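Reviewing the structure listed below.
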4 protein chains.
Amino acid sequence: MSGAGLAESGLFDRALRRVASVWRDVAQAVARTPPATGLAGEMAECLAAKGGEVSARTRAEALAGRYRAADAEGRAEFLRALASFDADPEGVRAAMERVADAADAAQRAAAKARLRRALEPPRMRLLTQFTTLPDGMKFLVDLRAELLPLAAEDPWLAALETDLRGLLANWFDVGMLELRRIDWHSAASLLEKLVQYEAVHRIRTWRDLKNRLDSDRRCYGFFHPRMPGEPLIFVEVALTEGLAASVQALLDEKAPVQDPATADAAVFYSINNCQRGLDGIAFGNFLIKRVVADLSAEFSNLTTFATLSPMPGFRAWLAEEGAALLSAEEAEALGGAAAFDAWLADRHPLAHPLAAKAEPLLPRLAARYLVAASGRNPKRARDPVAHFHLANGARVERINRRGDVSEKGVREGLGLMVNYLYDPAQIEANHEAYAGEGKRAASAAVKRLAKG
Amino acid sequence: MSGAGLAESGLFDRALRRVASVWRDVAQAVARTPPATGLAGEMAECLAAKGGEVSARTRAEALAGRYRAADAEGRAEFLRALASFDADPEGVRAAMERVADAADAAQRAAAKARLRRALEPPRMRLLTQFTTLPDGMKFLVDLRAELLPLAAEDPWLAALETDLRGLLANWFDVGMLELRRIDWHSAASLLEKLVQYEAVHRIRTWRDLKNRLDSDRRCYGFFHPRMPGEPLIFVEVALTEGLAASVQALLDEKAPVQDPATADAAVFYSINNCQRGLDGIAFGNFLIKRVVADLSAEFSNLTTFATLSPMPGFRAWLAEEGAALLSAEEAEALGGAAAFDAWLADRHPLAHPLAAKAEPLLPRLAARYLVAASGRNPKRARDPVAHFHLANGARVERINRRGDVSEKGVREGLGLMVNYLYDPAQIEANHEAYAGEGKRAASAAVKRLAKG
Amino acid sequence: MSGAGLAESGLFDRALRRVASVWRDVAQAVARTPPATGLAGEMAECLAAKGGEVSARTRAEALAGRYRAADAEGRAEFLRALASFDADPEGVRAAMERVADAADAAQRAAAKARLRRALEPPRMRLLTQFTTLPDGMKFLVDLRAELLPLAAEDPWLAALETDLRGLLANWFDVGMLELRRIDWHSAASLLEKLVQYEAVHRIRTWRDLKNRLDSDRRCYGFFHPRMPGEPLIFVEVALTEGLAASVQALLDEKAPVQDPATADAAVFYSINNCQRGLDGIAFGNFLIKRVVADLSAEFSNLTTFATLSPMPGFRAWLAEEGAALLSAEEAEALGGAAAFDAWLADRHPLAHPLAAKAEPLLPRLAARYLVAASGRNPKRARDPVAHFHLANGARVERINRRGDVSEKGVREGLGLMVNYLYDPAQIEANHEAYAGEGKRAASAAVKRLAKG
Amino acid sequence: MSGAGLAESGLFDRALRRVASVWRDVAQAVARTPPATGLAGEMAECLAAKGGEVSARTRAEALAGRYRAADAEGRAEFLRALASFDADPEGVRAAMERVADAADAAQRAAAKARLRRALEPPRMRLLTQFTTLPDGMKFLVDLRAELLPLAAEDPWLAALETDLRGLLANWFDVGMLELRRIDWHSAASLLEKLVQYEAVHRIRTWRDLKNRLDSDRRCYGFFHPRMPGEPLIFVEVALTEGLAASVQALLDEKAPVQDPATADAAVFYSINNCQRGLDGIAFGNFLIKRVVADLSAEFSNLTTFATLSPMPGFRAWLAEEGAALLSAEEAEALGGAAAFDAWLADRHPLAHPLAAKAEPLLPRLAARYLVAASGRNPKRARDPVAHFHLANGARVERINRRGDVSEKGVREGLGLMVNYLYDPAQIEANHEAYAGEGKRAASAAVKRLAKG
């Protein structure tokens with residue numbers, strides 16, 4: 001392309017704008033240079049590593065102490081000061097030039113590596129200096145938990161959040177984690193955290209907890225070596241004969257204990273992410289598959305690995321779609337669309353007079369919801385739990401009425417629960433089909449239901 | 001600046017070149033697209049995470065197995081295939097545009113974060129997938145050890161090496177490491193590694209090793225939680241009365257054992273980096289200071305923390321400088337410059353007839369070497385060991401004749417050994433003075449010697 | 001002494017009777033030979049170690065299984081069968097002869113050793129064979145717990161109980177035990193046992209338990225290496241400023257947490273033996289002194305080690321002694337002896353109208369009770385808790401009104417609690433004085449009270 | 001029986017003598033009362049538990065310190081002082097009377113229990129007080145090791161030794177012990193002890209040791225929880241294809257490593273008791289069987305469990321029996337009986353000219369030695385190693401020429417080694433037959449050899 005052609009193509013103007021912007025950037029950067037005093041001043045000293053890196057880490061400890069002692073506003077200010085340690089614009093510009101000026105692909109590869117380094121904001125180094133705190137990892141995880149809501153409204157904080165997420169993704173890569181079994185011999189301080197973090201089916205008492213750790217149960221969690229007392233995620237499993245259909249039956253403290261040696265199914269009935277500060281860093285998929293492998297090795301008689309899962313979005317979807325989902329006969333039998341809508345809106349639908357007629361329709365609707373309903377992305381299941389398991393390669397196996405009759409279970413899913421089946425032989429193919437074309441795996445029975 | 005002014009400034013041409021290069025880059029990238037078969041094909045599948053991330057990690061394991069089984073050439077080929085997974089040039093270009101097009105600093109911050117991500121080559125993701133191997137961390141560290149010499153000659157491998165170093169720097173940040181004491185109750189498999197990694201003063205026998213772990217000795221190492229049997233660096237310490245002057249005395253297996261409760265000095269007589277694959281990732285400074293803290297807490301009677309260190313570059317420097325370092329009287333007393341040079345070149349200088357006259361001159365010359373001699377960088381001590389300790393904030397405390405009369409000690413340092421003193425009260429100031437103006441801390445006695 | 005003299009002395013007759021009895025013994029032994037079938041038959045096979053000692057232990061495991069599966073009557077039968085394996089009377093007789101026939105002291109020493117062995121009933125060997133069970137130690141401890149009440153009424157079971165106690169005393173010698181700190185990081189299964197075994201001040205909830213393991217508390221227990229999940233005894237300690245006077249204040253979950261670094265007193269407020277089957281094997285004394293040593297080493301600021309203890313026998317003693325303990329004026333002020341007796345017999349004496357007048361008299365009466373009251377043995381304090389601490393070398397330090405206002409505290413001790421002081425400098429002398437002449441150590445204040 | 005009859009039966013005289021002896025005993029006891037000063041005085045104070053049992057244990061620690069610091073004579077004196085704390089003769093006599101006076105079997109049972117206690121010498125209590133020393137168990141085990149040779153010549157020390165053995169037998173009952181695998185990851189301090197304790201096939205270097213802990217080897221030991229760093233006994237096992245025939249082949253450091261997954265035999269080639277002070281307390285039988293169970297569980301492909309054992313008494317027996325063992329033809333072929341005797345007496349018989357003719361005869365003679373030769377007890381195999389394995393239920397499986405060509409192997413066993421087979425299905429029957437009638441189990445091949 002000739003110079004003239006280039007000009008015509010508009011690339012010329014763009015290049016001009018670009019260069020100009022780089023100049024502005026430099027100017028602004030100078031203006032934004034953090035003052036030598038106050039919080040940012042202290043941070044600057046940490047970064048300068050005055051007195052050596054060891055001293056810098058000691059100073060970082062003092063900074064962390066200030067953060068811990070601060071109130072919400074003080075913490076936000078701290079985070080903003082931290083975020084202000086952006087990459088040096090002049091350095092970035094120069095590094096970009098070098099990429100452009102590279103004589104060949106090899107030179108360009110090196111220049112790009114240097115550019116990447118030039119783009120690394122100094123605040124990343126500061127964040128890294130916090131790792132040497134006694135509870136450094138937990139400090140950083142909790143910092144991100146507090147940062148996340150603030151980041152939504154402040155682009156500087158959003159950039160800081162992105163940086164921190166990148167660091168944590170490296171440090172919490174699944175290769176760094178340890179799978180540990182949790183049982184009644186685990187530390188009380190750890191079990192207390194299960195109580196605190198269990199969000200799917202609340203643990204009400206220590207007796208309830210003990211029941212979930214009985215000989216016919218298993219609980220596993222991922223842990224980081226620098227946060228040994230903190231589960232990152234944990235899963236509760238029941239060893240049963242046949243696929244469990246009801247959470248209340250599983251959690252019944254008076255139910256007899258199953259002999260694990262004769263169980264043929266392992267039912268994952270609760271998976272909980274524990275650290276808000278690790279949002280977006282995925283472990284669940286790995287956890288389920290590691291636990292399947294462990295249980296298979298321990299119990300040769302297990303043939304079925306499945307979940308017993310809620311449908312948190314089912315009722316909302318039903319309310320949205322309304323009676324349109326019903327056949328004319330069904331609608332009529334229920335006393336009309338308005339009656340159905342009223343039933344759906346009732347506080348206690350399962351105790352409502354219409355329940356006897358309406359409830360039997362739910363499994364079919366649920367099957368359609370799981371197998372066909374989508375949100376904005378047509379390739380993605382509308383239900384978040386369904387999406388998680390389908391993306392992991394599981395299939396929708398069975399839909400259970402009155403599977404969770406707790407207040408929450410009825411409020412969100414009208415009491416229905418789903419079994420997702422993890423069949424090691426199908427996991428890869430299922431995953432591919434879903435990840436590619438959004439094809440959802442389901443058992444023949446569920447497919448029939450969805451069509452019926 | 002006007003368009004004309006811009007053109008005159010040459011920035012215009014540069015912008016043109018830059019844009020052109022970006023275009024070329026894109027074209028080359030397409031041409032370089034890895035084929036779907038062979039090693040690169042398998043790597044591409046890992047990266048695509050076909051069948052899900054869990055399956056991808058399983059495939060990465062198979063890849064690692066191929067690497068392990070390969071010979072030198074096969075491994076180089078493997079590394080080149082890995083290196084070829086560079087960042088998508090079109091993606092980089094687009095991200096650069098967005099930085100240039102950003103409307104304000106906040107937008108620009110976000111755009112830069114995106115650019116950084118666009119610059120991350122896919123090979124980094126592949127490297128990360130190796131962490132889940134049973135010995136994943138060690139695999140990656142050893143991979144880098146093999147990569148380092150190859151990287152010197154191949155820019156693509158150099159870029160891969162830079163990426164790997166970045167990952168390892170994050171994973172082996174000192175905040176991830178564990179300080180562990182090593183003693184005679186440690187695993188034999190670990191102690192065997194000390195024998196293998198000790199490079200300063202070779203461990204000859206298990207008896208020699210046991211002597212170094214006796215009650216008046218301490219040995220500490222840094223360990224990574226995912227490489228628990230592998231020391232990253234370790235230091236050997238002797239608890240002594242007064243500053244130790246001779247390595248041979250310290251290593252004498254027949255010497256009586258010092259009561260540690262009455263020792264007043266802790267002498268660091270050997271520090272060894274163990275993992276070639278972690279070159280350039282610094283732990284030594286942290287290790288020394290953590291050990292000083294630990295020993296202070298354990299033995300309240302310790303008042304002196306110092307090293308007993310070699311001067312590996314002393315003799316070479318002397319040979320370079322030659323008799324010019326001597327006064328006329330000294331040169332004459334030795335029988336002239338040539339005689340001095342001959343003595344320096346002798347295979348057994350300490351057993352040479354001139355030794356009686358020449359050796360007493362050495363401490364003064366050594367003091368000058370440590371305090372004044374520089375290499376290319378005038379602010380940096382020429383001796384690498386001196387540079388390490390001065391940069392850590394230590395000072396040159398004392399020079400010892402016949403401090404190491406082993407073959408190596410004489411060959412490199414004419415038998416002289418140095419004590420570097422770590423005085424907690426001075427470390428920061430010493431570090432700053434050296435890091436800033438290159439000022440080297442030394443005891444009054446050594447300063448006098450250097451001048452004398 | 002001549003034969004005649006001997007005859008006159010009655011020793012002759014006694015010797016005759018003795019020999020006759022030995023004969024009878026032999027005859028009865030033969031008659032009592034356990035049958036080769038049934039439970040005793042199986043036990044006999046274990047003892048015979050048919051197929052070797054390893055097989056015998058396997059058979060002992062089967063026997064233990066039968067015991068575990070049996071009901072109360074089956075267990076009693078099992079124990080009686082076990083008890084029937086008495087020492088061989090003929091062997092005993094022969095061994096006694098050899099003692100009598102020994103030519104000199106040295107021969108006699110050997111003969112006595114052999115006699116001791118002859119007296120060892122085979123059932124001891126059987127009991128020992130149970131140690132190789134997976135939970136062998138706990139099995140034997142629980143066996144004794146079940147044996148103890150039965151032994152009171154059956155001399156054969158009493159003999160078995162004595163044998164078992166001897167074995168356990170050896171195995172649970174304090175030198176075999178491990179002192180372990182128990183805190184909120186301990187296994188939930190262990191903490192659950194504290195809840196179960198705490199008998200002095202009931203643990204009501206896990207929150208109550210957690211409060212007792214807070215940073216200003218300590219809990220220690222003795223454990224046996226073959227019963228690692230079972231505390232043998234444990235003590236709860238509060239670190240306080242000044243000597244604690246009220247259990248309710250100590251157990252108040254809302255009370256602020258004391259900084260342990262500024263505490264000057266360690267208050268032992270609950271000591272519990274956990275294993276009924278180890279009754280009569282004493283650990284409490286060792287536990288208190290080991291804990292005092294540990295706490296002294298951890299907190300240099302602690303100057304006072306004392307208990308906050310109940311007086312379980314106080315009210316019963318008061319009721320026995322009645323108004324005779326009061327001066328005429330006191331009795332009159334209370335409305336006469338009968339009024340005092342009525343008050344003592346009231347269900348809620350502290351809420352009774354007379355409380356305002358009667359309660360202030362209690363400390364003096366309690367002082368007298370502790371310092372002077374005895375049971376059958378005039379050298380022994382009547383109160384069992386007082387006896388335990390005085391025998392350990394502690395002294396009665398202070399008497400606290402309303403120290404335990406729980407239902408039990410009022411029922412047994414009218415709400416009074418005692419501090420016993422463990423002053424390392426006085427422990428030996430106090431112990432000696434009490435063990436010898438029954439002299440009870442008390443503070444000057446308590447002595448004055450007792451006299452007043 | 002009438003008085004007269006009794007007199008005639010001689011029992012009368014015996015009773016008289018007995019009573020007289022008791023009197024003498026009392027008198028002597030008084031005379032022997034340990035003085036209140038010196039070593040025995042200190043021991044008496046420990047026993048009196050002046051200042052309480054806790055103080056007594058502290059005093060016992062001081063006593064142990066004196067023992068440790070003493071020379072051989074001082075230690076012997078210490079032991080004699082300890083031995084002098086014999087049971088109180090008057091107490092014993094009274095307890096015997098009570099046995100004789102017992103009205104019925106039940107009373108007698110109680111009286112016998114009391115007699116047993118009266119016979120317990122106070123020195124046992126003192127020995128028990130040493131358990132609370134930091135290394136109390138090891139102290140007592142070593143004390144017995146030093147006591148054993150002295151006990152042979154001094155009846156008082158013999159009695160002390162018997163007492164100590166009884167205590168140790170209780171404390172080291174196999175139910176108290178822990179089976180631990182020892183490998184190259186074990187503490188160097190522990191592995192050093194293997195080197196020290198291995199007496200069957202000396203470990204020459206750490207390389208030799210490492211070879212014995214390689215992936216195709218196993219090593220297991222029994223440990224006591226209060227002597228965690230000290231093996232009590234350990235066994236070295238090789239996993240092989242086919243039964244190993246030569247120790248030198250097993251210990252060849254250059255031999256290729258066997259894949260344990262394809263091995264079909266586990267060969268126990270060295271068993272070592274480590275603690276002289278536990279002589280007579282048997283673990284070997286338990287160890288072998290526990291290891292067989294562990295290996296069976298780990299490797300399902302193992303079908304053969306056998307030893308490769310020396311015949312330490314073979315050559316001595318041959319020399320005793322001489323040419324009488326040979327047939328006339330054999331003797332003649334060797335050049336006559338004298339030639340055979342000379343060959344047997346040669347320093348290097350396997351290198352002797354007669355070896356070619358004599359060595360082939362050895363397996364037959366060895367078979368006869370193992371299957372038929374006895375010492376004083378005709379039911380017991382003459383070879384001590386054979387006796388150990390036969391008593392454990394093993395059978396003589398195979399005799400190997402040149403199985404151990406070390407100097408010791410040739411000196412004691414002319415190079416022959418034996419495989420003893422542990423067939424779980426036969427162990428009990430073999431044991432019974434040997435323990436009962438002294439019947440020795442052997443393979444058909446060995447039986448044929450022995451007859452041939």
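Order determines the names: the first chain of the structure tokens is A, the second B, and so forth; residues in each chain are numbered 1 upward, and ligands are numbered 1 upward as they are shown.
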List every residue of region 306-435 of chain B that DSSP, applied to the backbone of this structure, places in strand (DSSP E), and write the result as a PyMOL selection string.
-> chain B and resi 306-307+395-400+417-421
Deliver the residues from the most recent selection as a file, using N, CA, C and O atoms, as a PDB file, in the first residue's frame.
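Just written: out_16.pdb:
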```pdb
ATOM      1  N   ALA B 306      27.024 -13.154  60.937  1.00  0.00           N
ATOM      2  CA  ALA B 306      27.974 -12.834  59.866  1.00  0.00           C
ATOM      3  C   ALA B 306      28.154 -14.054  58.981  1.00  0.00           C
ATOM      4  O   ALA B 306      27.747 -15.159  59.317  1.00  0.00           O
ATOM      5  N   THR B 307      28.796 -13.833  57.847  1.00  0.00           N
ATOM      6  CA  THR B 307      29.098 -14.940  56.957  1.00  0.00           C
ATOM      7  C   THR B 307      30.578 -15.280  57.048  1.00  0.00           C
ATOM      8  O   THR B 307      31.376 -14.507  57.595  1.00  0.00           O
ATOM      9  N   ARG B 395      28.009  -5.612  55.701  1.00  0.00           N
ATOM     10  CA  ARG B 395      29.246  -4.867  55.494  1.00  0.00           C
ATOM     11  C   ARG B 395      30.437  -5.826  55.530  1.00  0.00           C
ATOM     12  O   ARG B 395      30.377  -6.895  56.162  1.00  0.00           O
ATOM     13  N   VAL B 396      31.514  -5.412  54.849  1.00  0.00           N
ATOM     14  CA  VAL B 396      32.741  -6.216  54.871  1.00  0.00           C
ATOM     15  C   VAL B 396      33.347  -6.063  56.260  1.00  0.00           C
ATOM     16  O   VAL B 396      33.695  -4.946  56.660  1.00  0.00           O
ATOM     17  N   GLU B 397      33.435  -7.171  56.986  1.00  0.00           N
ATOM     18  CA  GLU B 397      33.828  -7.033  58.390  1.00  0.00           C
ATOM     19  C   GLU B 397      35.291  -7.397  58.633  1.00  0.00           C
ATOM     20  O   GLU B 397      36.011  -6.687  59.309  1.00  0.00           O
ATOM     21  N   ARG B 398      35.721  -8.507  58.043  1.00  0.00           N
ATOM     22  CA  ARG B 398      37.081  -8.981  58.352  1.00  0.00           C
ATOM     23  C   ARG B 398      37.566  -9.850  57.218  1.00  0.00           C
ATOM     24  O   ARG B 398      36.769 -10.527  56.560  1.00  0.00           O
ATOM     25  N   ILE B 399      38.860  -9.833  56.987  1.00  0.00           N
ATOM     26  CA  ILE B 399      39.470 -10.675  55.957  1.00  0.00           C
ATOM     27  C   ILE B 399      40.378 -11.670  56.646  1.00  0.00           C
ATOM     28  O   ILE B 399      41.151 -11.308  57.531  1.00  0.00           O
ATOM     29  N   ASN B 400      40.231 -12.949  56.275  1.00  0.00           N
ATOM     30  CA  ASN B 400      40.951 -14.016  56.986  1.00  0.00           C
ATOM     31  C   ASN B 400      41.916 -14.726  56.054  1.00  0.00           C
ATOM     32  O   ASN B 400      41.488 -15.272  55.025  1.00  0.00           O
ATOM     33  N   MET B 417      39.340 -15.735  53.022  1.00  0.00           N
ATOM     34  CA  MET B 417      37.885 -15.767  53.219  1.00  0.00           C
ATOM     35  C   MET B 417      37.470 -14.452  53.895  1.00  0.00           C
ATOM     36  O   MET B 417      38.252 -13.849  54.636  1.00  0.00           O
ATOM     37  N   VAL B 418      36.251 -14.057  53.657  1.00  0.00           N
ATOM     38  CA  VAL B 418      35.748 -12.782  54.184  1.00  0.00           C
ATOM     39  C   VAL B 418      34.581 -13.025  55.123  1.00  0.00           C
ATOM     40  O   VAL B 418      33.769 -13.910  54.884  1.00  0.00           O
ATOM     41  N   ASN B 419      34.524 -12.255  56.189  1.00  0.00           N
ATOM     42  CA  ASN B 419      33.297 -12.211  56.994  1.00  0.00           C
ATOM     43  C   ASN B 419      32.486 -10.976  56.595  1.00  0.00           C
ATOM     44  O   ASN B 419      33.014  -9.849  56.642  1.00  0.00           O
ATOM     45  N   TYR B 420      31.244 -11.213  56.193  1.00  0.00           N
ATOM     46  CA  TYR B 420      30.315 -10.089  55.986  1.00  0.00           C
ATOM     47  C   TYR B 420      29.397 -10.047  57.196  1.00  0.00           C
ATOM     48  O   TYR B 420      28.830 -11.071  57.591  1.00  0.00           O
ATOM     49  N   LEU B 421      29.260  -8.867  57.769  1.00  0.00           N
ATOM     50  CA  LEU B 421      28.465  -8.729  58.991  1.00  0.00           C
ATOM     51  C   LEU B 421      27.052  -8.240  58.673  1.00  0.00           C
ATOM     52  O   LEU B 421      26.886  -7.236  57.961  1.00  0.00           O
TER      53      LEU B 421
END
```
Tell me which protein, DNA and RNA residues are within 12 Å of Leu190 (chain C), counting only C-alpha atoms, leaving out same-chain ones fewer than 2 positions away, and put them as a ChimeraX atom specification.
-> /A:184-188 /C:180-188,192-197,209,221,223,227-232,234,274
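Separating CA of Leu79 (chain A) from CA of Asn273 (chain A) is a distance of 24.7 Å.
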Chain B contacts to chain A at 6 Å (only C-alpha atoms) as a ChimeraX atom specification = /B:15,18,21,51,100,106,110,116,131-132,155,159,175,428,431-432
